[in-house]
2 protein chains.
Amino acid sequence: MVPQAKLMKGTANSLLLCLLSQQPMYGYQIIKELERRSAGYFRFKEGTLYPALHRLEKAGLVMGRWRLLPSGRQRKYYHITDKGHRMLVEKRSQWQNFLAAMNLIIEPASN
Amino acid sequence: MVPQAKLMKGTANSLLLCLLSQQPMYGYQIIKELERRSAGYFRFKEGTLYPALHRLEKAGLVMGRWRLLPSGRQRKYYHITDKGHRMLVEKRSQWQNFLAAMNLIIEPASN
DNA sequence: TGATAATACCTAGATTACCTATGTATATCC
DNA sequence: GGATATACATAGGTAATCTAGGTATTATCA
């Protein structure tokens, strides 16, 4: 297991909601976009992403819509829902709290 | 599962190594100390901490030594090893890289 | 004195969200 | 026509958390 893998737990959903809050995207695009924006750091595996999107959809946080391209290829675009937006706000807050606590331990201001 | 739980994965070991790099501690003390220093945020469960300490010991990153108090009570103090110190340096670096990547996604500088 | 809380260690089993590996299919490039 | 990129999907393995339970000693307080 790569080191990131464990750190990813708990943040993967936030990353997905964050991306989709900016614009609808399809799975393959999400993988590429996360890699691009993180300067190569995030490389979501398909076995991670697709089940994650399905879980988010089942939870009503995103909605997938198939779109047929002129080429005949199918893509499933995921849109964030209102519930997803609210969850993102909460996730962001949780992340900030976690960060604050981490900083108190791993970068003690003074002792 | 509380929201922290998932975020904890991958950082729990770093937190433990970080604490123990400052001074040897015993399990119960670690729980209390993490809670105190994080202003109540981190509340390690015993079922999380003790197995984690045992894993760290098995990996040669820490070493536990029983100490008998005058009262007759036994405590197991964990000391960080040289290998543990080196691991801590690496963990800190991994954490910083992860943070940097997260910030690129969840707080885009400009797009 | 006796009950309760705090201290101090431990483990078993459930859960969950990653990963690897694999499958299918189309499009593009040389 | 063969390799690579695009595009979705699932099955099963793994690992680290949690819940829940156990044992035992010490301190507090009614």
# chains A, B, ... in the order shown; residues from 1 in each chain; ligands from 1
$ closest_atom_pairs --of "chain A" --to "chain C" --cutoff "9 Å" --atoms "only C-alpha atoms (C1' of nucleotides)" --output "Markdown table"
| residue | atom | partner | partner_atom | distance |
| --- | --- | --- | --- | --- |
| A:Met1 | CA | C:DC19 | C1' | 6.8 |
| A:Val2 | CA | C:DC19 | C1' | 9.0 |
| A:Ala5 | CA | C:DC18 | C1' | 6.3 |
| A:Lys6 | CA | C:DC18 | C1' | 7.2 |
| A:Met8 | CA | C:DC18 | C1' | 7.9 |
| A:Lys9 | CA | C:DA17 | C1' | 6.4 |
| A:Gly10 | CA | C:DA17 | C1' | 8.3 |
| A:Lys45 | CA | C:DC19 | C1' | 8.1 |
| A:Gly47 | CA | C:DC19 | C1' | 7.5 |
| A:Thr48 | CA | C:DC18 | C1' | 6.7 |
| A:Ala52 | CA | C:DA17 | C1' | 8.7 |
| A:Ser71 | CA | C:DA27 | C1' | 8.8 |
| A:Gly72 | CA | C:DT26 | C1' | 8.7 |
| A:Arg73 | CA | C:DT26 | C1' | 6.9 |
$ write_last_selection --atoms "N, CA and C atoms" --output "PDB file, in the first residue's frame"
ATOM      1  N   MET A   1       0.847  -1.193   0.000  1.00  0.00           N
ATOM      2  CA  MET A   1       0.000   0.000   0.000  1.00  0.00           C
ATOM      3  C   MET A   1       0.885   1.248   0.000  1.00  0.00           C
ATOM      4  N   VAL A   2       0.669   2.134  -0.956  1.00  0.00           N
ATOM      5  CA  VAL A   2       1.445   3.365  -0.997  1.00  0.00           C
ATOM      6  C   VAL A   2       1.065   4.232   0.202  1.00  0.00           C
ATOM      7  N   ALA A   5      -2.186   6.120   0.384  1.00  0.00           N
ATOM      8  CA  ALA A   5      -3.423   5.352   0.464  1.00  0.00           C
ATOM      9  C   ALA A   5      -4.133   5.565   1.790  1.00  0.00           C
ATOM     10  N   LYS A   6      -3.377   5.462   2.865  1.00  0.00           N
ATOM     11  CA  LYS A   6      -4.008   5.596   4.171  1.00  0.00           C
ATOM     12  C   LYS A   6      -4.431   7.030   4.450  1.00  0.00           C
ATOM     13  N   MET A   8      -5.432   9.027   2.305  1.00  0.00           N
ATOM     14  CA  MET A   8      -6.584   9.291   1.455  1.00  0.00           C
ATOM     15  C   MET A   8      -7.904   8.998   2.148  1.00  0.00           C
ATOM     16  N   LYS A   9      -7.881   7.994   3.011  1.00  0.00           N
ATOM     17  CA  LYS A   9      -9.142   7.611   3.652  1.00  0.00           C
ATOM     18  C   LYS A   9      -9.733   8.806   4.367  1.00  0.00           C
ATOM     19  N   GLY A  10     -10.946   9.090   4.055  1.00  0.00           N
ATOM     20  CA  GLY A  10     -11.596  10.192   4.731  1.00  0.00           C
ATOM     21  C   GLY A  10     -11.504  11.494   3.962  1.00  0.00           C
ATOM     22  N   LYS A  45      -7.051   5.386  -8.360  1.00  0.00           N
ATOM     23  CA  LYS A  45      -7.219   4.144  -9.104  1.00  0.00           C
ATOM     24  C   LYS A  45      -8.681   3.999  -9.466  1.00  0.00           C
ATOM     25  N   GLY A  47     -10.429   1.407  -9.328  1.00  0.00           N
ATOM     26  CA  GLY A  47     -11.068   0.596  -8.297  1.00  0.00           C
ATOM     27  C   GLY A  47     -11.381   1.384  -7.040  1.00  0.00           C
ATOM     28  N   THR A  48     -10.833   2.573  -6.952  1.00  0.00           N
ATOM     29  CA  THR A  48     -11.145   3.487  -5.848  1.00  0.00           C
ATOM     30  C   THR A  48     -12.241   4.452  -6.274  1.00  0.00           C
ATOM     31  N   ALA A  52     -16.395   4.769  -5.260  1.00  0.00           N
ATOM     32  CA  ALA A  52     -16.610   5.987  -4.456  1.00  0.00           C
ATOM     33  C   ALA A  52     -17.738   6.815  -5.054  1.00  0.00           C
ATOM     34  N   SER A  71     -19.559  10.998 -31.193  1.00  0.00           N
ATOM     35  CA  SER A  71     -18.747   9.863 -31.633  1.00  0.00           C
ATOM     36  C   SER A  71     -19.426   8.533 -31.347  1.00  0.00           C
ATOM     37  N   GLY A  72     -20.453   8.566 -30.498  1.00  0.00           N
ATOM     38  CA  GLY A  72     -21.130   7.337 -30.143  1.00  0.00           C
ATOM     39  C   GLY A  72     -20.705   6.812 -28.779  1.00  0.00           C
ATOM     40  N   ARG A  73     -19.631   7.404 -28.236  1.00  0.00           N
ATOM     41  CA  ARG A  73     -19.135   6.974 -26.928  1.00  0.00           C
ATOM     42  C   ARG A  73     -20.051   7.477 -25.819  1.00  0.00           C
TER      43      ARG A  73
END
$ interface_residues --of "chain B" --to "chain A" --cutoff "10 Å" --atoms "only C-alpha atoms" --output "ChimeraX atom specification"
/B:3-11,14-19,33-42,91-92,94-95,97-108
$ interface_residues --of "chain D" --to "chain B" --cutoff "10 Å" --atoms "only C-alpha atoms (C1' of nucleotides)" --output "mmCIF file with N, CA and C atoms (P, O5', C5', C4', C3', O3' and C1' of nucleotides), in the first residue's frame"
data_model
loop_
_atom_site.group_PDB
_atom_site.id
_atom_site.type_symbol
_atom_site.label_atom_id
_atom_site.label_comp_id
_atom_site.auth_asym_id
_atom_site.auth_seq_id
_atom_site.Cartn_x
_atom_site.Cartn_y
_atom_site.Cartn_z
ATOM 1 P P DA D 15 -1.919 -5.840 4.777
ATOM 2 O "O5'" DA D 15 -2.285 -4.468 5.470
ATOM 3 C "C5'" DA D 15 -2.715 -3.371 4.667
ATOM 4 C "C4'" DA D 15 -3.434 -2.392 5.550
ATOM 5 C "C3'" DA D 15 -3.009 -2.453 7.010
ATOM 6 O "O3'" DA D 15 -3.025 -1.128 7.500
ATOM 7 C "C1'" DA D 15 -5.308 -2.872 6.865
ATOM 8 P P DA D 16 -2.048 -0.738 8.730
ATOM 9 O "O5'" DA D 16 -2.953 0.347 9.462
ATOM 10 C "C5'" DA D 16 -3.672 1.286 8.679
ATOM 11 C "C4'" DA D 16 -4.936 1.663 9.406
ATOM 12 C "C3'" DA D 16 -4.758 1.807 10.913
ATOM 13 O "O3'" DA D 16 -5.470 2.955 11.339
ATOM 14 C "C1'" DA D 16 -6.473 0.282 10.461
ATOM 15 P P DT D 17 -5.122 3.669 12.767
ATOM 16 O "O5'" DT D 17 -6.542 3.831 13.479
ATOM 17 C "C5'" DT D 17 -7.532 4.700 13.012
ATOM 18 C "C4'" DT D 17 -8.888 4.030 12.929
ATOM 19 C "C3'" DT D 17 -9.663 3.841 14.234
ATOM 20 O "O3'" DT D 17 -10.294 5.031 14.643
ATOM 21 C "C1'" DT D 17 -10.004 2.029 12.727
ATOM 22 P P DC D 18 -10.811 5.205 16.140
ATOM 23 O "O5'" DC D 18 -12.113 4.276 16.210
ATOM 24 C "C5'" DC D 18 -13.223 4.571 15.363
ATOM 25 C "C4'" DC D 18 -14.263 3.463 15.494
ATOM 26 C "C3'" DC D 18 -14.729 3.268 16.940
ATOM 27 O "O3'" DC D 18 -16.060 3.696 17.088
ATOM 28 C "C1'" DC D 18 -14.079 1.169 15.949
ATOM 29 P P DT D 19 -16.676 3.767 18.611
ATOM 30 O "O5'" DT D 19 -17.276 2.302 18.815
ATOM 31 C "C5'" DT D 19 -18.074 1.702 17.808
ATOM 32 C "C4'" DT D 19 -18.472 0.311 18.248
ATOM 33 C "C3'" DT D 19 -18.975 0.233 19.692
ATOM 34 O "O3'" DT D 19 -20.096 -0.634 19.723
ATOM 35 C "C1'" DT D 19 -17.137 -1.242 19.408
ATOM 36 P P DA D 20 -21.009 -0.663 21.038
ATOM 37 O "O5'" DA D 20 -20.406 -1.940 21.775
ATOM 38 C "C5'" DA D 20 -20.152 -3.132 21.022
ATOM 39 C "C4'" DA D 20 -19.370 -4.093 21.878
ATOM 40 C "C3'" DA D 20 -19.685 -4.005 23.375
ATOM 41 O "O3'" DA D 20 -20.099 -5.280 23.830
ATOM 42 C "C1'" DA D 20 -17.356 -4.073 23.000
ATOM 43 P P DA D 24 -8.158 -10.901 37.461
ATOM 44 O "O5'" DA D 24 -7.515 -9.520 37.933
ATOM 45 C "C5'" DA D 24 -6.225 -9.161 37.431
ATOM 46 C "C4'" DA D 24 -5.926 -7.741 37.851
ATOM 47 C "C3'" DA D 24 -6.311 -7.429 39.309
ATOM 48 O "O3'" DA D 24 -5.132 -7.289 40.079
ATOM 49 C "C1'" DA D 24 -6.874 -5.653 37.807
ATOM 50 P P DT D 25 -5.209 -6.982 41.654
ATOM 51 O "O5'" DT D 25 -4.826 -5.438 41.742
ATOM 52 C "C5'" DT D 25 -3.660 -4.963 41.052
ATOM 53 C "C4'" DT D 25 -3.688 -3.454 41.035
ATOM 54 C "C3'" DT D 25 -3.811 -2.819 42.422
ATOM 55 O "O3'" DT D 25 -2.757 -1.867 42.573
ATOM 56 C "C1'" DT D 25 -5.396 -1.893 40.933
ATOM 57 P P DT D 26 -2.512 -1.150 43.991
ATOM 58 O "O5'" DT D 26 -3.273 0.228 43.803
ATOM 59 C "C5'" DT D 26 -2.816 1.159 42.809
ATOM 60 C "C4'" DT D 26 -3.719 2.370 42.817
ATOM 61 C "C3'" DT D 26 -3.883 3.021 44.182
ATOM 62 O "O3'" DT D 26 -3.516 4.388 44.036
ATOM 63 C "C1'" DT D 26 -5.981 2.708 43.142
#
$ select_by_dssp --residues "chain A" --states "strand (DSSP E)" --output "number ranges by chain"
A: 25-26, 62-68, 74-80
$ calpha_fit_and_write --fixed "chain B" --moving "chain A" --output "CSV table (one decimal) with N, CA and C atoms, in the first residue's frame"
chain,number,residue,atom,x,y,z
A,1,MET,N,-19.2,5.4,12.7
A,1,MET,CA,-17.8,5.8,12.7
A,1,MET,C,-17.7,7.3,12.7
A,2,VAL,N,-17.1,7.9,13.7
A,2,VAL,CA,-16.9,9.3,13.8
A,2,VAL,C,-16.1,9.8,12.6
A,3,PRO,N,-16.3,11.1,12.2
A,3,PRO,CA,-15.6,11.6,11.0
A,3,PRO,C,-14.1,11.5,11.1
A,4,GLN,N,-13.6,11.8,12.3
A,4,GLN,CA,-12.2,11.7,12.5
A,4,GLN,C,-11.6,10.4,12.1
A,5,ALA,N,-12.4,9.4,12.5
A,5,ALA,CA,-11.8,8.0,12.3
A,5,ALA,C,-11.1,7.8,11.0
A,6,LYS,N,-11.8,8.2,10.0
A,6,LYS,CA,-11.2,7.9,8.6
A,6,LYS,C,-10.0,8.8,8.4
A,7,LEU,N,-10.0,10.0,8.9
A,7,LEU,CA,-8.9,11.0,8.7
A,7,LEU,C,-7.7,10.5,9.5
A,8,MET,N,-8.0,9.8,10.6
A,8,MET,CA,-6.9,9.3,11.5
A,8,MET,C,-6.0,8.2,10.7
A,9,LYS,N,-6.6,7.5,9.9
A,9,LYS,CA,-5.9,6.4,9.2
A,9,LYS,C,-4.7,7.0,8.5
A,10,GLY,N,-3.5,6.5,8.8
A,10,GLY,CA,-2.3,7.0,8.2
A,10,GLY,C,-1.6,8.1,9.0
A,11,THR,N,-2.3,8.7,9.9
A,11,THR,CA,-1.7,9.7,10.7
A,11,THR,C,-1.5,9.3,12.2
A,12,ALA,N,-2.2,8.2,12.6
A,12,ALA,CA,-2.1,7.8,14.0
A,12,ALA,C,-0.7,7.4,14.3
A,13,ASN,N,0.0,6.7,13.5
A,13,ASN,CA,1.4,6.3,13.8
A,13,ASN,C,2.3,7.5,13.9
A,14,SER,N,2.0,8.5,13.0
A,14,SER,CA,2.9,9.7,13.0
A,14,SER,C,2.7,10.4,14.4
A,15,LEU,N,1.4,10.5,14.8
A,15,LEU,CA,1.2,11.2,16.1
A,15,LEU,C,1.9,10.5,17.2
A,16,LEU,N,1.8,9.1,17.2
A,16,LEU,CA,2.5,8.4,18.3
A,16,LEU,C,4.0,8.6,18.3
A,17,LEU,N,4.6,8.4,17.1
A,17,LEU,CA,6.0,8.6,17.0
A,17,LEU,C,6.4,10.0,17.4
A,18,CYS,N,5.6,11.0,17.0
A,18,CYS,CA,5.9,12.4,17.4
A,18,CYS,C,5.9,12.6,18.9
A,19,LEU,N,4.9,12.1,19.5
A,19,LEU,CA,4.8,12.2,21.0
A,19,LEU,C,6.0,11.5,21.6
A,20,LEU,N,6.3,10.3,21.2
A,20,LEU,CA,7.3,9.5,21.9
A,20,LEU,C,8.7,10.0,21.5
A,21,SER,N,8.8,10.8,20.5
A,21,SER,CA,10.1,11.4,20.2
A,21,SER,C,10.5,12.4,21.2
A,22,GLN,N,9.5,12.9,21.9
A,22,GLN,CA,9.8,14.0,22.9
A,22,GLN,C,10.1,13.4,24.3
A,23,GLN,N,9.4,12.3,24.6
A,23,GLN,CA,9.7,11.6,25.8
A,23,GLN,C,9.0,10.2,25.8
A,24,PRO,N,9.6,9.2,26.5
A,24,PRO,CA,8.9,8.0,26.7
A,24,PRO,C,7.5,8.1,27.4
A,25,MET,N,6.6,7.4,27.0
A,25,MET,CA,5.3,7.5,27.6
A,25,MET,C,4.6,6.1,27.7
A,26,TYR,N,3.6,6.0,28.6
A,26,TYR,CA,2.9,4.7,28.6
A,26,TYR,C,1.5,5.0,28.0
A,27,GLY,N,0.9,3.9,27.6
A,27,GLY,CA,-0.4,3.9,26.8
A,27,GLY,C,-1.4,4.9,27.3
A,28,TYR,N,-1.8,4.7,28.5
A,28,TYR,CA,-2.8,5.6,29.1
A,28,TYR,C,-2.4,7.0,29.1
A,29,GLN,N,-1.2,7.3,29.3
A,29,GLN,CA,-0.7,8.7,29.3
A,29,GLN,C,-0.7,9.2,27.9
A,30,ILE,N,-0.4,8.4,26.9
A,30,ILE,CA,-0.5,8.9,25.5
A,30,ILE,C,-1.9,9.3,25.2
A,31,ILE,N,-2.9,8.6,25.6
A,31,ILE,CA,-4.3,8.9,25.3
A,31,ILE,C,-4.6,10.3,25.9
A,32,LYS,N,-4.3,10.4,27.1
A,32,LYS,CA,-4.6,11.7,27.8
A,32,LYS,C,-3.8,12.9,27.2
A,33,GLU,N,-2.6,12.6,26.9
A,33,GLU,CA,-1.7,13.7,26.4
A,33,GLU,C,-2.1,14.1,25.0
A,34,LEU,N,-2.5,13.2,24.2
A,34,LEU,CA,-3.0,13.6,22.9
A,34,LEU,C,-4.3,14.4,23.0
A,35,GLU,N,-5.1,14.0,23.9
A,35,GLU,CA,-6.4,14.8,24.1
A,35,GLU,C,-6.1,16.2,24.6
A,36,ARG,N,-5.2,16.2,25.6
A,36,ARG,CA,-4.8,17.5,26.2
A,36,ARG,C,-4.2,18.5,25.1
A,37,ARG,N,-3.2,18.0,24.4
A,37,ARG,CA,-2.5,18.8,23.5
A,37,ARG,C,-3.4,19.3,22.3
A,38,SER,N,-4.3,18.4,21.9
A,38,SER,CA,-5.2,18.8,20.8
A,38,SER,C,-6.4,19.5,21.2
A,39,ALA,N,-6.4,19.9,22.4
A,39,ALA,CA,-7.6,20.7,23.0
A,39,ALA,C,-8.9,19.8,22.9
A,40,GLY,N,-8.7,18.5,23.1
A,40,GLY,CA,-9.9,17.7,23.2
A,40,GLY,C,-10.3,17.0,21.9
A,41,TYR,N,-9.5,17.3,20.8
A,41,TYR,CA,-9.9,16.7,19.5
A,41,TYR,C,-9.6,15.3,19.4
A,42,PHE,N,-8.4,14.9,19.7
A,42,PHE,CA,-8.0,13.5,19.6
A,42,PHE,C,-8.4,12.7,20.8
A,43,ARG,N,-9.2,11.7,20.7
A,43,ARG,CA,-9.5,10.9,21.8
A,43,ARG,C,-9.3,9.4,21.4
A,44,PHE,N,-8.1,9.0,21.4
A,44,PHE,CA,-7.7,7.7,21.0
A,44,PHE,C,-8.5,6.6,21.8
A,45,LYS,N,-9.0,5.6,21.2
A,45,LYS,CA,-9.7,4.5,21.9
A,45,LYS,C,-8.6,3.5,22.2
A,46,GLU,N,-8.8,2.8,23.3
A,46,GLU,CA,-7.8,1.8,23.7
A,46,GLU,C,-7.6,0.8,22.6
A,47,GLY,N,-8.8,0.4,22.0
A,47,GLY,CA,-8.7,-0.6,21.0
A,47,GLY,C,-8.0,-0.1,19.7
A,48,THR,N,-7.7,1.1,19.7
A,48,THR,CA,-6.9,1.7,18.6
A,48,THR,C,-5.4,1.8,19.0
A,49,LEU,N,-5.3,2.3,20.2
A,49,LEU,CA,-3.9,2.7,20.7
A,49,LEU,C,-3.0,1.4,20.9
A,50,TYR,N,-3.5,0.5,21.7
A,50,TYR,CA,-2.7,-0.6,22.1
A,50,TYR,C,-2.2,-1.5,21.0
A,51,PRO,N,-3.2,-1.8,20.1
A,51,PRO,CA,-2.7,-2.6,18.9
A,51,PRO,C,-1.7,-1.7,18.1
A,52,ALA,N,-1.9,-0.4,18.0
A,52,ALA,CA,-1.0,0.4,17.2
A,52,ALA,C,0.4,0.4,17.9
A,53,LEU,N,0.5,0.5,19.2
A,53,LEU,CA,1.8,0.5,19.9
A,53,LEU,C,2.4,-0.9,19.6
A,54,HIS,N,1.6,-1.9,19.6
A,54,HIS,CA,2.2,-3.3,19.4
A,54,HIS,C,2.8,-3.4,18.0
A,55,ARG,N,2.0,-2.8,17.1
A,55,ARG,CA,2.5,-2.9,15.7
A,55,ARG,C,3.8,-2.1,15.5
A,56,LEU,N,3.9,-0.9,16.1
A,56,LEU,CA,5.1,-0.1,16.1
A,56,LEU,C,6.2,-0.8,16.7
A,57,GLU,N,6.0,-1.5,17.8
A,57,GLU,CA,7.0,-2.3,18.5
A,57,GLU,C,7.5,-3.4,17.6
A,58,LYS,N,6.6,-4.1,17.0
A,58,LYS,CA,6.9,-5.2,16.1
A,58,LYS,C,7.7,-4.8,15.0
A,59,ALA,N,7.5,-3.5,14.5
A,59,ALA,CA,8.2,-3.0,13.4
A,59,ALA,C,9.5,-2.4,13.8
A,60,GLY,N,9.8,-2.4,15.1
A,60,GLY,CA,11.1,-1.9,15.6
A,60,GLY,C,11.2,-0.4,15.7
A,61,LEU,N,10.0,0.3,15.7
A,61,LEU,CA,10.0,1.7,15.7
A,61,LEU,C,9.9,2.3,17.1
A,62,VAL,N,9.4,1.5,18.0
A,62,VAL,CA,9.4,1.8,19.4
A,62,VAL,C,9.7,0.6,20.2
A,63,MET,N,10.0,0.8,21.5
A,63,MET,CA,10.3,-0.4,22.4
A,63,MET,C,9.6,-0.2,23.7
A,64,GLY,N,8.9,-1.2,24.1
A,64,GLY,CA,8.1,-1.1,25.4
A,64,GLY,C,8.9,-1.7,26.5
A,65,ARG,N,9.0,-1.0,27.7
A,65,ARG,CA,9.6,-1.5,28.9
A,65,ARG,C,8.7,-1.4,30.1
A,66,TRP,N,8.5,-2.5,30.7
A,66,TRP,CA,7.7,-2.4,31.9
A,66,TRP,C,8.4,-1.7,33.0
A,67,ARG,N,7.7,-0.9,33.8
A,67,ARG,CA,8.3,-0.3,34.9
A,67,ARG,C,7.4,-0.5,36.1
A,68,LEU,N,8.0,-0.8,37.2
A,68,LEU,CA,7.2,-1.1,38.4
A,68,LEU,C,7.2,0.2,39.3
A,69,LEU,N,6.0,0.7,39.6
A,69,LEU,CA,5.9,1.9,40.4
A,69,LEU,C,6.0,1.4,41.9
A,70,PRO,N,6.4,2.4,42.8
A,70,PRO,CA,6.5,2.1,44.2
A,70,PRO,C,5.1,1.6,44.7
A,71,SER,N,4.0,2.0,44.1
A,71,SER,CA,2.7,1.6,44.5
A,71,SER,C,2.4,0.2,44.2
A,72,GLY,N,3.3,-0.4,43.3
A,72,GLY,CA,3.1,-1.8,42.9
A,72,GLY,C,2.5,-1.9,41.6
A,73,ARG,N,2.0,-0.8,41.0
A,73,ARG,CA,1.3,-0.8,39.7
A,73,ARG,C,2.4,-0.9,38.6
A,74,GLN,N,2.0,-1.6,37.6
A,74,GLN,CA,2.9,-1.8,36.4
A,74,GLN,C,2.5,-0.8,35.3
A,75,ARG,N,3.5,-0.3,34.7
A,75,ARG,CA,3.3,0.6,33.5
A,75,ARG,C,4.2,0.1,32.4
A,76,LYS,N,3.8,0.2,31.2
A,76,LYS,CA,4.7,-0.1,30.1
A,76,LYS,C,5.0,1.1,29.3
A,77,TYR,N,6.2,1.6,29.5
A,77,TYR,CA,6.7,2.8,28.9
A,77,TYR,C,7.3,2.5,27.5
A,78,TYR,N,6.8,3.3,26.5
A,78,TYR,CA,7.3,3.1,25.1
A,78,TYR,C,8.4,4.2,24.8
A,79,HIS,N,9.5,3.7,24.3
A,79,HIS,CA,10.6,4.5,23.9
A,79,HIS,C,10.7,4.5,22.4
A,80,ILE,N,11.0,5.6,21.8
A,80,ILE,CA,11.2,5.6,20.3
A,80,ILE,C,12.6,5.0,20.0
A,81,THR,N,12.8,4.3,19.0
A,81,THR,CA,14.1,3.8,18.6
A,81,THR,C,14.7,4.7,17.5
A,82,ASP,N,15.9,4.4,17.1
A,82,ASP,CA,16.6,5.1,16.1
A,82,ASP,C,15.8,5.0,14.8
A,83,LYS,N,15.4,3.8,14.5
A,83,LYS,CA,14.6,3.5,13.3
A,83,LYS,C,13.3,4.3,13.4
A,84,GLY,N,12.7,4.4,14.6
A,84,GLY,CA,11.5,5.2,14.8
A,84,GLY,C,11.7,6.7,14.5
A,85,HIS,N,12.9,7.2,14.9
A,85,HIS,CA,13.2,8.5,14.6
A,85,HIS,C,13.3,8.8,13.1
A,86,ARG,N,13.9,7.9,12.4
A,86,ARG,CA,14.0,8.0,11.0
A,86,ARG,C,12.7,7.9,10.3
A,87,MET,N,11.9,7.0,10.8
A,87,MET,CA,10.5,6.9,10.2
A,87,MET,C,9.7,8.2,10.5
A,88,LEU,N,9.9,8.8,11.6
A,88,LEU,CA,9.2,10.0,11.9
A,88,LEU,C,9.5,11.1,10.9
A,89,VAL,N,10.8,11.2,10.6
A,89,VAL,CA,11.3,12.2,9.6
A,89,VAL,C,10.5,11.9,8.3
A,90,GLU,N,10.5,10.7,7.9
A,90,GLU,CA,9.8,10.3,6.6
A,90,GLU,C,8.3,10.6,6.7
A,91,LYS,N,7.7,10.2,7.8
A,91,LYS,CA,6.3,10.5,8.0
A,91,LYS,C,5.9,11.9,7.9
A,92,ARG,N,6.7,12.7,8.5
A,92,ARG,CA,6.5,14.2,8.5
A,92,ARG,C,6.6,14.7,7.1
A,93,SER,N,7.5,14.2,6.3
A,93,SER,CA,7.7,14.6,4.9
A,93,SER,C,6.5,14.2,4.1
A,94,GLN,N,6.0,13.0,4.3
A,94,GLN,CA,4.8,12.4,3.6
A,94,GLN,C,3.6,13.3,3.9
A,95,TRP,N,3.5,13.6,5.2
A,95,TRP,CA,2.4,14.5,5.6
A,95,TRP,C,2.4,15.8,4.9
A,96,GLN,N,3.6,16.4,4.9
A,96,GLN,CA,3.7,17.7,4.2
A,96,GLN,C,3.3,17.7,2.7
A,97,ASN,N,3.8,16.6,2.1
A,97,ASN,CA,3.5,16.4,0.7
A,97,ASN,C,2.0,16.2,0.5
A,98,PHE,N,1.4,15.5,1.3
A,98,PHE,CA,-0.1,15.2,1.3
A,98,PHE,C,-0.8,16.5,1.4
A,99,LEU,N,-0.4,17.3,2.5
A,99,LEU,CA,-1.0,18.6,2.7
A,99,LEU,C,-0.9,19.5,1.5
A,100,ALA,N,0.2,19.6,0.9
A,100,ALA,CA,0.5,20.5,-0.2
A,100,ALA,C,-0.5,20.1,-1.3
A,101,ALA,N,-0.6,18.8,-1.6
A,101,ALA,CA,-1.5,18.3,-2.6
A,101,ALA,C,-3.0,18.6,-2.3
A,102,MET,N,-3.3,18.4,-1.1
A,102,MET,CA,-4.7,18.7,-0.6
A,102,MET,C,-5.0,20.2,-0.9
A,103,ASN,N,-4.1,21.0,-0.5
A,103,ASN,CA,-4.3,22.5,-0.6
A,103,ASN,C,-4.5,22.9,-2.1
A,104,LEU,N,-3.8,22.2,-3.0
A,104,LEU,CA,-3.9,22.5,-4.4
A,104,LEU,C,-5.3,22.2,-4.9
A,105,ILE,N,-6.0,21.3,-4.3
A,105,ILE,CA,-7.3,20.9,-4.7
A,105,ILE,C,-8.4,21.6,-4.0
A,106,ILE,N,-8.3,21.6,-2.7
A,106,ILE,CA,-9.4,22.1,-1.9
A,106,ILE,C,-9.3,23.6,-1.7
A,107,GLU,N,-8.1,24.2,-1.9
A,107,GLU,CA,-8.0,25.6,-1.8
A,107,GLU,C,-7.2,26.1,-3.0
A,108,PRO,N,-7.8,26.0,-4.2
A,108,PRO,CA,-7.1,26.4,-5.4
A,108,PRO,C,-6.6,27.9,-5.3
A,109,ALA,N,-5.4,28.1,-5.5
A,109,ALA,CA,-4.8,29.4,-5.4
A,109,ALA,C,-5.5,30.4,-6.3
A,110,SER,N,-5.7,29.9,-7.6
A,110,SER,CA,-6.5,30.8,-8.5
A,110,SER,C,-6.9,29.9,-9.7
A,111,ASN,N,-8.0,30.1,-10.2
A,111,ASN,CA,-8.5,29.4,-11.4
A,111,ASN,C,-9.1,30.3,-12.4
$ select_by_dssp --residues "chain B" --states "helix (DSSP H, G or I)" --output "VMD selection string"
chain B and resid 3 to 8 12 to 22 27 to 37 46 to 58 82 to 106
